[in-house]
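Coordinates as given in protein-v5.txt (compact mmCIF, C-alpha atoms):
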```txt
# COMPACT_ATOMS: atom_id res chain seq x y z
CA MET K 1 11.72 8.54 19.93
CA GLU K 2 14.26 9.38 17.21
CA LEU K 3 12.85 10.08 13.76
CA SER K 4 15.75 8.18 12.17
CA ASP K 5 14.76 5.10 14.20
CA ILE K 6 11.16 5.44 12.98
CA GLN K 7 12.31 5.78 9.36
CA THR K 8 14.51 2.71 9.73
CA PHE K 9 11.64 0.73 11.27
CA ALA K 10 9.38 1.67 8.35
CA ALA K 11 12.05 0.63 5.84
CA VAL K 12 12.54 -2.79 7.45
CA ALA K 13 8.77 -3.31 7.57
CA ARG K 14 8.48 -2.36 3.90
CA THR K 15 11.36 -4.50 2.63
CA GLY K 16 11.01 -7.41 5.03
CA GLY K 17 14.63 -7.62 6.08
CA ILE K 18 17.72 -5.86 7.42
CA THR K 19 19.81 -6.29 4.26
CA ARG K 20 17.23 -4.84 1.86
CA ALA K 21 16.43 -2.00 4.27
CA ALA K 22 20.12 -1.13 4.54
CA GLU K 23 20.39 -1.00 0.76
CA GLU K 24 17.34 1.24 0.51
CA LEU K 25 18.61 3.57 3.24
CA ASN K 26 22.17 3.53 1.84
CA THR K 27 23.69 2.47 5.15
CA VAL K 28 25.29 -0.61 6.71
CA GLN K 29 23.32 -3.52 8.14
CA SER K 30 24.73 -3.05 11.64
CA ASN K 31 23.31 0.48 11.76
CA VAL K 32 19.85 -0.77 10.83
CA THR K 33 20.03 -3.51 13.46
CA GLN K 34 21.13 -1.08 16.18
CA ARG K 35 18.32 1.37 15.40
CA ILE K 36 15.67 -1.35 15.47
CA LYS K 37 16.98 -2.66 18.81
CA ALA K 38 17.04 0.88 20.23
CA LEU K 39 13.43 1.49 19.17
CA GLU K 40 12.29 -1.83 20.62
CA ALA K 41 14.07 -1.03 23.89
CA GLU K 42 12.45 2.41 24.07
CA ILE K 43 8.95 1.07 23.37
CA GLY K 44 9.52 -1.96 25.58
CA THR K 45 8.33 -4.69 23.24
CA PRO K 46 9.57 -6.55 20.14
CA LEU K 47 8.46 -5.04 16.85
CA PHE K 48 9.68 -7.85 14.60
CA GLU K 49 9.76 -11.63 14.61
CA ARG K 50 13.09 -12.87 13.23
CA HIS K 51 13.09 -15.94 10.98
CA SER K 52 15.28 -17.50 8.30
CA ARG K 53 13.52 -15.70 5.45
CA GLY K 54 13.65 -12.24 6.98
CA MET K 55 11.61 -10.30 9.50
CA ALA K 56 7.86 -10.06 10.06
CA LEU K 57 5.99 -7.50 12.13
CA THR K 58 4.69 -8.49 15.55
CA GLY K 59 1.32 -7.25 16.72
CA ALA K 60 2.98 -4.21 18.27
CA GLY K 61 4.89 -3.58 15.05
CA LYS K 62 1.69 -3.68 13.00
CA ARG K 63 0.08 -1.14 15.34
CA LEU K 64 3.11 1.14 15.16
CA LEU K 65 3.59 0.97 11.38
CA PRO K 66 0.85 3.40 10.21
CA TYR K 67 2.09 6.02 12.70
CA ALA K 68 5.68 5.49 11.55
CA GLN K 69 4.67 5.88 7.91
CA ARG K 70 2.82 9.12 8.64
CA MET K 71 5.72 10.49 10.70
CA ALA K 72 8.25 9.70 7.95
CA ALA K 73 6.04 11.24 5.26
CA LEU K 74 5.37 14.32 7.40
CA SER K 75 9.08 14.80 8.03
CA ARG K 76 9.83 14.67 4.31
CA GLU K 77 7.00 17.06 3.51
CA ALA K 78 8.18 19.49 6.21
CA VAL K 79 11.65 19.69 4.67
CA LEU K 80 10.24 20.17 1.18
CA ALA K 81 7.79 22.84 2.38
CA ALA K 82 10.55 24.78 4.14
CA ARG K 83 12.72 24.73 1.00
CA ASP K 84 9.87 25.54 -1.38
CA ASP K 85 9.95 29.22 -2.34
CA GLY K 86 7.53 28.85 -5.25
CA GLU K 87 10.16 28.13 -7.91
CA PRO K 88 9.89 24.56 -9.31
CA LYS K 89 13.14 22.86 -8.33
CA GLY K 90 14.55 20.01 -6.25
CA PRO K 91 13.56 16.34 -6.20
CA LEU K 92 10.30 14.96 -7.57
CA SER K 93 9.65 11.22 -7.34
CA ILE K 94 6.98 9.84 -9.66
CA GLY K 95 5.77 6.25 -9.93
CA SER K 96 4.16 4.51 -12.89
CA MET K 97 2.99 1.19 -14.23
CA GLU K 98 5.51 -0.11 -16.75
CA THR K 99 3.00 -0.01 -19.61
CA THR K 100 2.22 3.66 -18.97
CA ALA K 101 5.90 4.54 -18.62
CA ALA K 102 6.70 2.84 -21.92
CA VAL K 103 4.04 4.46 -24.09
CA ARG K 104 2.37 7.47 -22.47
CA LEU K 105 5.03 9.17 -20.38
CA PRO K 106 8.01 9.90 -22.69
CA PRO K 107 6.45 13.00 -24.34
CA LEU K 108 5.05 14.19 -20.99
CA LEU K 109 8.39 13.81 -19.22
CA ALA K 110 10.26 15.48 -22.08
CA ASP K 111 7.87 18.44 -22.00
CA PHE K 112 8.20 18.72 -18.23
CA HIS K 113 12.01 18.62 -18.37
CA ARG K 114 12.12 21.34 -21.02
CA ARG K 115 9.84 23.62 -19.01
CA PHE K 116 11.27 22.94 -15.55
CA PRO K 117 14.93 21.90 -15.89
CA ALA K 118 15.72 22.68 -12.23
CA VAL K 119 13.47 19.82 -11.03
CA ARG K 120 15.31 16.52 -10.44
CA LEU K 121 12.70 14.07 -11.64
CA SER K 122 12.97 10.35 -10.90
CA LEU K 123 10.63 7.65 -12.21
CA ARG K 124 9.94 4.29 -10.52
CA THR K 125 7.93 1.53 -12.23
CA SER K 126 5.89 -0.93 -10.15
CA PRO K 127 2.45 -2.60 -10.07
CA THR K 128 -0.50 -0.46 -9.01
CA ALA K 129 -0.68 -1.87 -5.48
CA ASP K 130 2.97 -1.00 -4.77
CA LEU K 131 2.55 2.48 -6.26
CA VAL K 132 -0.45 3.22 -4.05
CA THR K 133 1.58 2.16 -1.01
CA GLY K 134 4.49 4.36 -2.11
CA VAL K 135 2.27 7.44 -2.39
CA LEU K 136 0.59 6.77 0.96
CA GLU K 137 3.96 6.25 2.67
CA GLY K 138 5.44 9.37 1.09
CA THR K 139 8.23 7.66 -0.84
CA LEU K 140 6.51 8.82 -4.04
CA ASP K 141 5.12 12.30 -4.66
CA GLY K 142 2.56 10.88 -7.08
CA ALA K 143 1.97 7.89 -9.34
CA PHE K 144 0.15 6.70 -12.45
CA VAL K 145 -2.06 3.75 -11.53
CA ALA K 146 -4.93 1.77 -13.02
CA GLY K 147 -8.32 2.92 -11.82
CA PRO K 148 -10.60 2.87 -10.09
CA ILE K 149 -8.92 3.93 -6.85
CA ALA K 150 -11.02 4.78 -3.79
CA HIS K 151 -9.02 5.90 -0.76
CA ASP K 152 -9.81 8.76 1.62
CA ASP K 153 -6.16 9.81 1.82
CA LEU K 154 -5.63 10.05 -1.94
CA VAL K 155 -6.64 12.49 -4.66
CA ALA K 156 -6.94 11.07 -8.18
CA THR K 157 -6.69 12.98 -11.46
CA SER K 158 -7.71 11.39 -14.75
CA ALA K 159 -4.70 11.03 -17.03
CA PHE K 160 -5.25 8.49 -19.83
CA ARG K 161 -7.93 6.15 -21.11
CA GLU K 162 -6.75 2.80 -22.41
CA GLU K 163 -8.30 -0.08 -24.32
CA LEU K 164 -7.12 -3.43 -22.98
CA VAL K 165 -6.80 -6.34 -25.41
CA LEU K 166 -6.10 -10.03 -24.97
CA VAL K 167 -2.81 -10.71 -26.75
CA SER K 168 -2.00 -14.12 -28.23
CA ALA K 169 0.40 -15.62 -30.74
CA ARG K 170 -0.24 -14.75 -34.38
CA ARG K 171 -1.67 -18.19 -35.23
CA TRP K 172 -4.76 -17.56 -33.11
CA SER K 173 -6.85 -15.28 -35.33
CA SER K 174 -9.89 -15.15 -33.04
CA LEU K 175 -10.91 -15.80 -29.47
CA ALA K 176 -13.08 -18.68 -30.68
CA GLU K 177 -10.04 -20.38 -32.23
CA LEU K 178 -8.00 -19.75 -29.09
CA ARG K 179 -10.65 -21.26 -26.86
CA ALA K 180 -11.12 -24.26 -29.15
CA GLY K 181 -7.43 -24.90 -29.68
CA THR K 182 -6.15 -24.83 -26.10
CA PRO K 183 -6.47 -27.41 -23.29
CA GLU K 184 -9.57 -27.43 -21.13
CA SER K 185 -7.62 -25.61 -18.43
CA GLY K 186 -6.89 -22.81 -20.90
CA PRO K 187 -3.65 -21.19 -22.10
CA THR K 188 -0.90 -20.06 -19.74
CA ALA K 189 -1.51 -16.57 -18.38
CA LEU K 190 1.58 -14.41 -18.80
CA VAL K 191 1.43 -11.80 -16.03
CA PHE K 192 3.38 -9.25 -14.05
CA ARG K 193 3.80 -9.88 -10.33
CA THR K 194 0.98 -9.76 -7.79
CA GLY K 195 -0.41 -6.25 -7.34
CA CYS K 196 -0.75 -5.58 -11.06
CA THR K 197 -4.29 -4.49 -11.96
CA TYR K 198 -4.00 -5.92 -15.48
CA ARG K 199 -3.12 -9.30 -13.95
CA GLN K 200 -6.25 -9.15 -11.80
CA ARG K 201 -8.37 -8.36 -14.83
CA LEU K 202 -6.84 -11.19 -16.86
CA GLU K 203 -7.57 -13.62 -14.05
CA GLN K 204 -11.20 -12.43 -14.00
CA ILE K 205 -11.43 -12.97 -17.76
CA PHE K 206 -10.00 -16.48 -17.39
CA VAL K 207 -12.64 -17.30 -14.78
CA GLU K 208 -15.41 -16.12 -17.13
CA PHE K 209 -13.90 -18.16 -19.98
CA GLY K 210 -13.92 -21.24 -17.75
CA TRP K 211 -10.15 -21.30 -17.14
CA PRO K 212 -9.81 -20.64 -13.39
CA SER K 213 -7.06 -23.26 -13.03
CA ALA K 214 -4.89 -22.05 -15.92
CA ALA K 215 -1.16 -21.83 -15.20
CA ARG K 216 0.41 -18.45 -14.40
CA PHE K 217 3.87 -17.39 -15.50
CA GLU K 218 5.31 -14.16 -14.09
CA LEU K 219 7.55 -11.91 -16.17
CA GLY K 220 9.34 -8.74 -15.17
CA THR K 221 9.57 -6.74 -18.41
CA LEU K 222 7.17 -5.59 -21.09
CA ASP K 223 9.40 -6.70 -23.96
CA GLY K 224 9.79 -10.12 -22.35
CA MET K 225 6.02 -10.39 -21.99
CA ILE K 226 5.25 -9.65 -25.65
CA GLY K 227 8.15 -11.82 -26.80
CA CYS K 228 6.83 -14.83 -24.88
CA VAL K 229 3.35 -14.25 -26.31
CA ALA K 230 4.81 -14.14 -29.83
CA ALA K 231 6.54 -17.47 -29.13
CA ASP K 232 3.11 -18.94 -28.23
CA MET K 233 4.03 -19.51 -24.60
CA GLY K 234 0.70 -18.07 -23.45
CA VAL K 235 -1.54 -15.01 -23.57
CA THR K 236 -1.57 -11.72 -21.72
CA LEU K 237 -3.65 -8.57 -21.22
CA LEU K 238 -2.15 -5.22 -22.26
CA PRO K 239 -3.22 -1.77 -23.50
CA ARG K 240 -3.71 -1.77 -27.27
CA ALA K 241 -1.40 1.26 -27.60
CA VAL K 242 1.44 -0.67 -25.94
CA VAL K 243 1.16 -3.61 -28.34
CA GLU K 244 0.76 -1.39 -31.42
CA ARG K 245 4.01 0.41 -30.64
CA SER K 246 5.94 -2.77 -29.93
CA ALA K 247 8.53 -3.95 -32.44
CA MET K 248 6.87 -7.38 -32.20
CA ASN K 249 3.41 -6.11 -33.10
CA GLY K 250 3.36 -8.16 -36.30
CA SER K 251 4.06 -11.39 -34.42
CA VAL K 252 0.98 -11.29 -32.15
CA THR K 253 -2.79 -11.01 -32.44
CA MET K 254 -4.87 -8.54 -30.44
CA HIS K 255 -8.37 -9.68 -29.44
CA ALA K 256 -10.95 -7.02 -28.55
CA LEU K 257 -12.87 -7.47 -25.30
CA SER K 258 -16.18 -6.25 -23.93
CA PRO K 259 -16.13 -2.71 -22.47
CA SER K 260 -16.36 -4.11 -18.93
CA HIS K 261 -13.01 -5.83 -19.41
CA GLY K 262 -11.43 -3.71 -22.13
CA ARG K 263 -11.81 -0.18 -20.79
CA VAL K 264 -9.55 1.19 -18.08
CA GLU K 265 -8.67 4.67 -16.90
CA THR K 266 -5.15 5.52 -15.80
CA LEU K 267 -5.17 7.90 -12.83
CA PHE K 268 -2.51 10.12 -11.33
CA ILE K 269 -2.74 9.87 -7.55
CA GLN K 270 -1.24 12.02 -4.81
CA ARG K 271 -1.74 12.39 -1.08
CA ARG K 272 -4.73 14.47 -0.07
CA ALA K 273 -3.05 16.03 2.97
CA GLY K 274 0.32 17.72 3.21
CA HIS K 275 2.25 20.30 1.25
CA GLN K 276 2.08 20.15 -2.54
CA THR K 277 5.47 21.31 -3.75
CA SER K 278 5.94 23.71 -6.64
CA ALA K 279 7.62 20.88 -8.53
CA LEU K 280 4.54 18.66 -8.17
CA GLN K 281 2.22 21.54 -9.07
CA SER K 282 4.25 22.12 -12.22
CA PHE K 283 4.09 18.43 -13.10
CA LEU K 284 0.31 18.52 -12.76
CA SER K 285 0.18 21.57 -15.02
CA CYS K 286 1.89 19.49 -17.73
CA LEU K 287 -0.37 16.52 -17.07
CA THR K 288 -3.69 18.33 -17.34
CA ARG K 289 -5.04 20.75 -19.89
CA ASP K 290 -7.87 22.68 -18.33
CA GLY K 291 -8.74 19.63 -16.27
CA ASP K 292 -9.21 17.35 -19.28
CA ILE K 293 -7.66 13.95 -19.90
CA ILE K 294 -4.55 14.60 -21.98
CA ALA K 295 -4.55 11.37 -24.02
CA ALA K 296 -7.00 8.67 -25.00
```
For this file, write the structure as structure tokens.
Amino acid sequence: MELSDIQTFAAVARTGGITRAAEELNTVQSNVTQRIKALEAEIGTPLFERHSRGMALTGAGKRLLPYAQRMAALSREAVLAARDDGEPKGPLSIGSMETTAAVRLPPLLADFHRRFPAVRLSLRTSPTADLVTGVLEGTLDGAFVAGPIAHDDLVATSAFREELVLVSARRWSSLAELRAGTPESGPTALVFRTGCTYRQRLEQIFVEFGWPSAARFELGTLDGMIGCVAADMGVTLLPRAVVERSAMNGSVTMHALSPSHGRVETLFIQRRAGHQTSALQSFLSCLTRDGDIIAA
């Protein structure tokens, strides 16, 4: 069983199609197709069901996937361990929620780059669920996610504490006015895509407010989110620090929530097993100060 075939299989499973997998692997589609066919021939059973919208794992593919993910991650770790002579250098792939990347990470990343210029740091923003998957699969060395996270294969380090606020257009000066001045179904919930922890929390708040059937509108950028709130298109849930630093801060109202809804801890997660590179160790040294949370 060729490792390259396993890596290709994992990429197709992750992206859901030959075209997207080829783009991720920086190769041609025909190469991806050939490797998948070769792996299926070697195993002796189909691993994917082909349909017009892409490819879905068969039962055999689902059973193979966790082994493929571990093999791909182990291969990457083996290369990094062999090259690691204790000097922080080489690639380091970090993931983050967009809100954390926008507000909390710039000074941390600048400090890290000044101290360890030989490390080639890359940052990928995604919802928490995707970031957890990336760390488990080994495509990310670590990631900033919304807590709590409970997984036997992950180690979590406290990074930041945030206060979440419900954000509405400026004309709504209180939650009472918002609730009284919107339809019975409630205002439109402006959210990031599925997998975002803040989206899940907002949906829980809507249920408690009696708005379980409120419309959802997905947006892909933080600026777009706050801009749509300012235009009174709907409401959203964001860290107070993010809204306060936005250029549109004066065009929206922030509504405080109960601690159960308004308090969240941002965690930095990494795989429990495997080699921790010098680059990642150095990043953690910038993140933590004697084991304390570095920002609140």
Per residue of segment 126-171 of chain K within 6 Å of segment 92-103 of chain K, note the shortest atom pair and the distance in Å to one decimal, counting only C-alpha atoms, and order the rows by chain and increasing residue number, as JSON lines.
```
{"residue": "K:Ser126", "atom": "CA", "partner": "K:Met97", "partner_atom": "CA", "distance": 5.4}
{"residue": "K:Pro127", "atom": "CA", "partner": "K:Met97", "partner_atom": "CA", "distance": 5.7}
{"residue": "K:Leu140", "atom": "CA", "partner": "K:Ser93", "partner_atom": "CA", "distance": 5.1}
{"residue": "K:Asp141", "atom": "CA", "partner": "K:Ser93", "partner_atom": "CA", "distance": 5.4}
{"residue": "K:Gly142", "atom": "CA", "partner": "K:Ile94", "partner_atom": "CA", "distance": 5.2}
{"residue": "K:Ala143", "atom": "CA", "partner": "K:Gly95", "partner_atom": "CA", "distance": 4.2}
{"residue": "K:Phe144", "atom": "CA", "partner": "K:Ser96", "partner_atom": "CA", "distance": 4.6}
```
Exercise. Interatomic distance between atom CA of Ala180 of chain K and atom CA of Cys196 of chain K?
Worked result: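 If I compute the distance from atom CA of Ala180 of chain K to atom CA of Cys196 of chain K, I get 28.0 Å.
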For this session: Around the point (2.3, -7.8, -19.1), in the coordinates given by the file, pick out the residues reaching within 6 Å, counting all atoms listed in the file, and return them as a count of residues only.
Result: 4
For this session: Counting all atoms listed in the file, figure out which residue out of K:Gly16, K:Tyr198, K:Ala22, K:Glu40 gets nearest to Arg53 of chain K.
Result: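 Answer, going by the shortest atom-to-atom distance: K:Gly16.
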Problem set entry | Between atom CA of Gln7 of chain K and atom CA of Arg272 of chain K - distance in Å to one decimal |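 Atom CA of Arg272 of chain K sits 21.3 Å away from atom CA of Gln7 of chain K.
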Exercise. Distance atom CA of Gly134 of chain K-atom CA of Thr266 of chain K, one decimal place?
Worked result: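 One can read the atom CA of Gly134 of chain K to atom CA of Thr266 of chain K distance as 16.8 Å.
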For this session: Pick out the residues sitting within 10 Å of Arg240 of chain K, and hand them over as number ranges by chain; count all atoms listed in the file, and ignore anything fewer than 2 positions along from it in its own chain.
Result: K: 162-167, 237-238, 242-245, 254-256, 262
Next, write the just-selected residues to a file, as a PDB file, in the frame of the given file, keeping C-alpha atoms as the atom set.
```
ATOM      1  CA  GLU K 162      -6.750   2.800 -22.410  1.00  0.00           C
ATOM      2  CA  GLU K 163      -8.300  -0.080 -24.320  1.00  0.00           C
ATOM      3  CA  LEU K 164      -7.120  -3.430 -22.980  1.00  0.00           C
ATOM      4  CA  VAL K 165      -6.800  -6.340 -25.410  1.00  0.00           C
ATOM      5  CA  LEU K 166      -6.100 -10.030 -24.970  1.00  0.00           C
ATOM      6  CA  VAL K 167      -2.810 -10.710 -26.750  1.00  0.00           C
ATOM      7  CA  LEU K 237      -3.650  -8.570 -21.220  1.00  0.00           C
ATOM      8  CA  LEU K 238      -2.150  -5.220 -22.260  1.00  0.00           C
ATOM      9  CA  VAL K 242       1.440  -0.670 -25.940  1.00  0.00           C
ATOM     10  CA  VAL K 243       1.160  -3.610 -28.340  1.00  0.00           C
ATOM     11  CA  GLU K 244       0.760  -1.390 -31.420  1.00  0.00           C
ATOM     12  CA  ARG K 245       4.010   0.410 -30.640  1.00  0.00           C
ATOM     13  CA  MET K 254      -4.870  -8.540 -30.440  1.00  0.00           C
ATOM     14  CA  HIS K 255      -8.370  -9.680 -29.440  1.00  0.00           C
ATOM     15  CA  ALA K 256     -10.950  -7.020 -28.550  1.00  0.00           C
ATOM     16  CA  GLY K 262     -11.430  -3.710 -22.130  1.00  0.00           C
TER      17      GLY K 262
END
```
Exercise. Hey, which of K:Arg35, K:Arg120, K:Lys62, K:Arg70 ends up closest to Gly138 of chain K? Count all atoms listed in the file.
Worked result: K:Arg70
Exercise. Of the candidates K:Met1, K:Ala214, K:Lys37, K:Asp152, which shows the shortest atom-to-atom distance to Ala273 of chain K, using only C-alpha atoms?
Worked result: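 With only C-alpha atoms as the atom set, the closest residue is K:Asp152.
With distances restricted to all atoms listed in the file, K:Gln270 is the closest residue to Val145 of chain K from K:Gln204, K:Thr194, K:Gln270, K:Thr188.
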Exercise. For Asp223 of chain K, which residue among K:Ala169, K:Ala38, K:Ala10, K:Ala247 is the nearest when counting all atoms listed in the file?
Worked result: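 Counting all atoms listed in the file, the residue closest to Asp223 of chain K is K:Ala247.
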Exercise. Given the choices K:Gly59, K:Pro107, K:Pro239, K:Pro91, which gets closest to Ala146 of chain K if the distance is worked out from only C-alpha atoms?
Worked result: K:Pro239
Coordinates of box centre and edge lengths for segment 177-193 of chain K, 5 Å on every side, axis-aligned, as JSON:
```
{"center_x": -3.7, "center_y": -18.3, "center_z": -21.3, "size_x": 24.9, "size_y": 28.2, "size_z": 31.9}
```
List the spatial neighbours of segment 110-114 of chain K as a compact mmCIF listing (two decimals) with C-alpha atoms, in the frame of the given file - criterion: any atom at most 7 Å away, only C-alpha atoms, same-chain residues fewer than 3 positions off excluded.
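Written output follows (result-v7.txt):
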```txt
# COMPACT_ATOMS: atom_id res chain seq x y z
CA PRO K 106 8.01 9.90 -22.69
CA PRO K 107 6.45 13.00 -24.34
CA PRO K 117 14.93 21.90 -15.89
CA PHE K 283 4.09 18.43 -13.10
CA CYS K 286 1.89 19.49 -17.73
```
Would you mind putting N, CA, C and O atoms back on segment 112-130 of chain K and writing the result as an mmCIF file, keeping the file's coordinate frame?
```
data_model
loop_
_atom_site.group_PDB
_atom_site.id
_atom_site.type_symbol
_atom_site.label_atom_id
_atom_site.label_comp_id
_atom_site.auth_asym_id
_atom_site.auth_seq_id
_atom_site.Cartn_x
_atom_site.Cartn_y
_atom_site.Cartn_z
ATOM 1 N N PHE K 112 7.956 18.232 -19.586
ATOM 2 C CA PHE K 112 8.200 18.720 -18.230
ATOM 3 C C PHE K 112 9.654 19.128 -18.041
ATOM 4 O O PHE K 112 9.948 20.175 -17.457
ATOM 5 N N HIS K 113 10.580 18.310 -18.539
ATOM 6 C CA HIS K 113 12.010 18.620 -18.370
ATOM 7 C C HIS K 113 12.392 19.895 -19.115
ATOM 8 O O HIS K 113 13.208 20.683 -18.612
ATOM 9 N N ARG K 114 11.825 20.105 -20.283
ATOM 10 C CA ARG K 114 12.120 21.340 -21.020
ATOM 11 C C ARG K 114 11.619 22.567 -20.273
ATOM 12 O O ARG K 114 12.296 23.597 -20.237
ATOM 13 N N ARG K 115 10.444 22.454 -19.674
ATOM 14 C CA ARG K 115 9.840 23.620 -19.010
ATOM 15 C C ARG K 115 10.407 23.860 -17.622
ATOM 16 O O ARG K 115 10.457 25.007 -17.169
ATOM 17 N N PHE K 116 10.815 22.794 -16.939
ATOM 18 C CA PHE K 116 11.270 22.940 -15.550
ATOM 19 C C PHE K 116 12.581 22.177 -15.345
ATOM 20 O O PHE K 116 12.622 21.163 -14.632
ATOM 21 N N PRO K 117 13.658 22.635 -15.943
ATOM 22 C CA PRO K 117 14.930 21.900 -15.890
ATOM 23 C C PRO K 117 15.553 21.837 -14.503
ATOM 24 O O PRO K 117 16.436 21.002 -14.268
ATOM 25 N N ALA K 118 15.135 22.690 -13.575
ATOM 26 C CA ALA K 118 15.720 22.680 -12.230
ATOM 27 C C ALA K 118 15.133 21.579 -11.346
ATOM 28 O O ALA K 118 15.628 21.339 -10.237
ATOM 29 N N VAL K 119 14.073 20.909 -11.802
ATOM 30 C CA VAL K 119 13.470 19.820 -11.030
ATOM 31 C C VAL K 119 14.211 18.520 -11.344
ATOM 32 O O VAL K 119 14.420 18.180 -12.502
ATOM 33 N N ARG K 120 14.618 17.803 -10.280
ATOM 34 C CA ARG K 120 15.310 16.520 -10.440
ATOM 35 C C ARG K 120 14.266 15.403 -10.383
ATOM 36 O O ARG K 120 13.915 14.899 -9.318
ATOM 37 N N LEU K 121 13.780 15.047 -11.551
ATOM 38 C CA LEU K 121 12.700 14.070 -11.640
ATOM 39 C C LEU K 121 13.241 12.651 -11.672
ATOM 40 O O LEU K 121 14.176 12.343 -12.399
ATOM 41 N N SER K 122 12.638 11.774 -10.871
ATOM 42 C CA SER K 122 12.970 10.350 -10.900
ATOM 43 C C SER K 122 11.684 9.564 -11.118
ATOM 44 O O SER K 122 10.614 9.946 -10.635
ATOM 45 N N LEU K 123 11.792 8.465 -11.868
ATOM 46 C CA LEU K 123 10.630 7.650 -12.210
ATOM 47 C C LEU K 123 10.862 6.218 -11.728
ATOM 48 O O LEU K 123 11.901 5.616 -11.997
ATOM 49 N N ARG K 124 9.874 5.663 -11.015
ATOM 50 C CA ARG K 124 9.940 4.290 -10.520
ATOM 51 C C ARG K 124 8.760 3.504 -11.074
ATOM 52 O O ARG K 124 7.610 3.955 -10.970
ATOM 53 N N THR K 125 9.002 2.357 -11.686
ATOM 54 C CA THR K 125 7.930 1.530 -12.230
ATOM 55 C C THR K 125 7.633 0.369 -11.286
ATOM 56 O O THR K 125 8.544 -0.292 -10.798
ATOM 57 N N SER K 126 6.345 0.138 -11.044
ATOM 58 C CA SER K 126 5.890 -0.930 -10.150
ATOM 59 C C SER K 126 4.427 -1.228 -10.465
ATOM 60 O O SER K 126 3.758 -0.445 -11.153
ATOM 61 N N PRO K 127 3.888 -2.344 -9.947
ATOM 62 C CA PRO K 127 2.450 -2.600 -10.070
ATOM 63 C C PRO K 127 1.637 -1.569 -9.293
ATOM 64 O O PRO K 127 2.154 -0.906 -8.382
ATOM 65 N N THR K 128 0.377 -1.460 -9.629
ATOM 66 C CA THR K 128 -0.500 -0.460 -9.010
ATOM 67 C C THR K 128 -0.497 -0.537 -7.493
ATOM 68 O O THR K 128 -0.416 0.490 -6.807
ATOM 69 N N ALA K 129 -0.600 -1.732 -6.937
ATOM 70 C CA ALA K 129 -0.680 -1.870 -5.480
ATOM 71 C C ALA K 129 0.553 -1.281 -4.794
ATOM 72 O O ALA K 129 0.443 -0.586 -3.779
ATOM 73 N N ASP K 130 1.738 -1.537 -5.348
ATOM 74 C CA ASP K 130 2.970 -1.000 -4.770
ATOM 75 C C ASP K 130 3.032 0.520 -4.918
ATOM 76 O O ASP K 130 3.538 1.219 -4.035
#
```
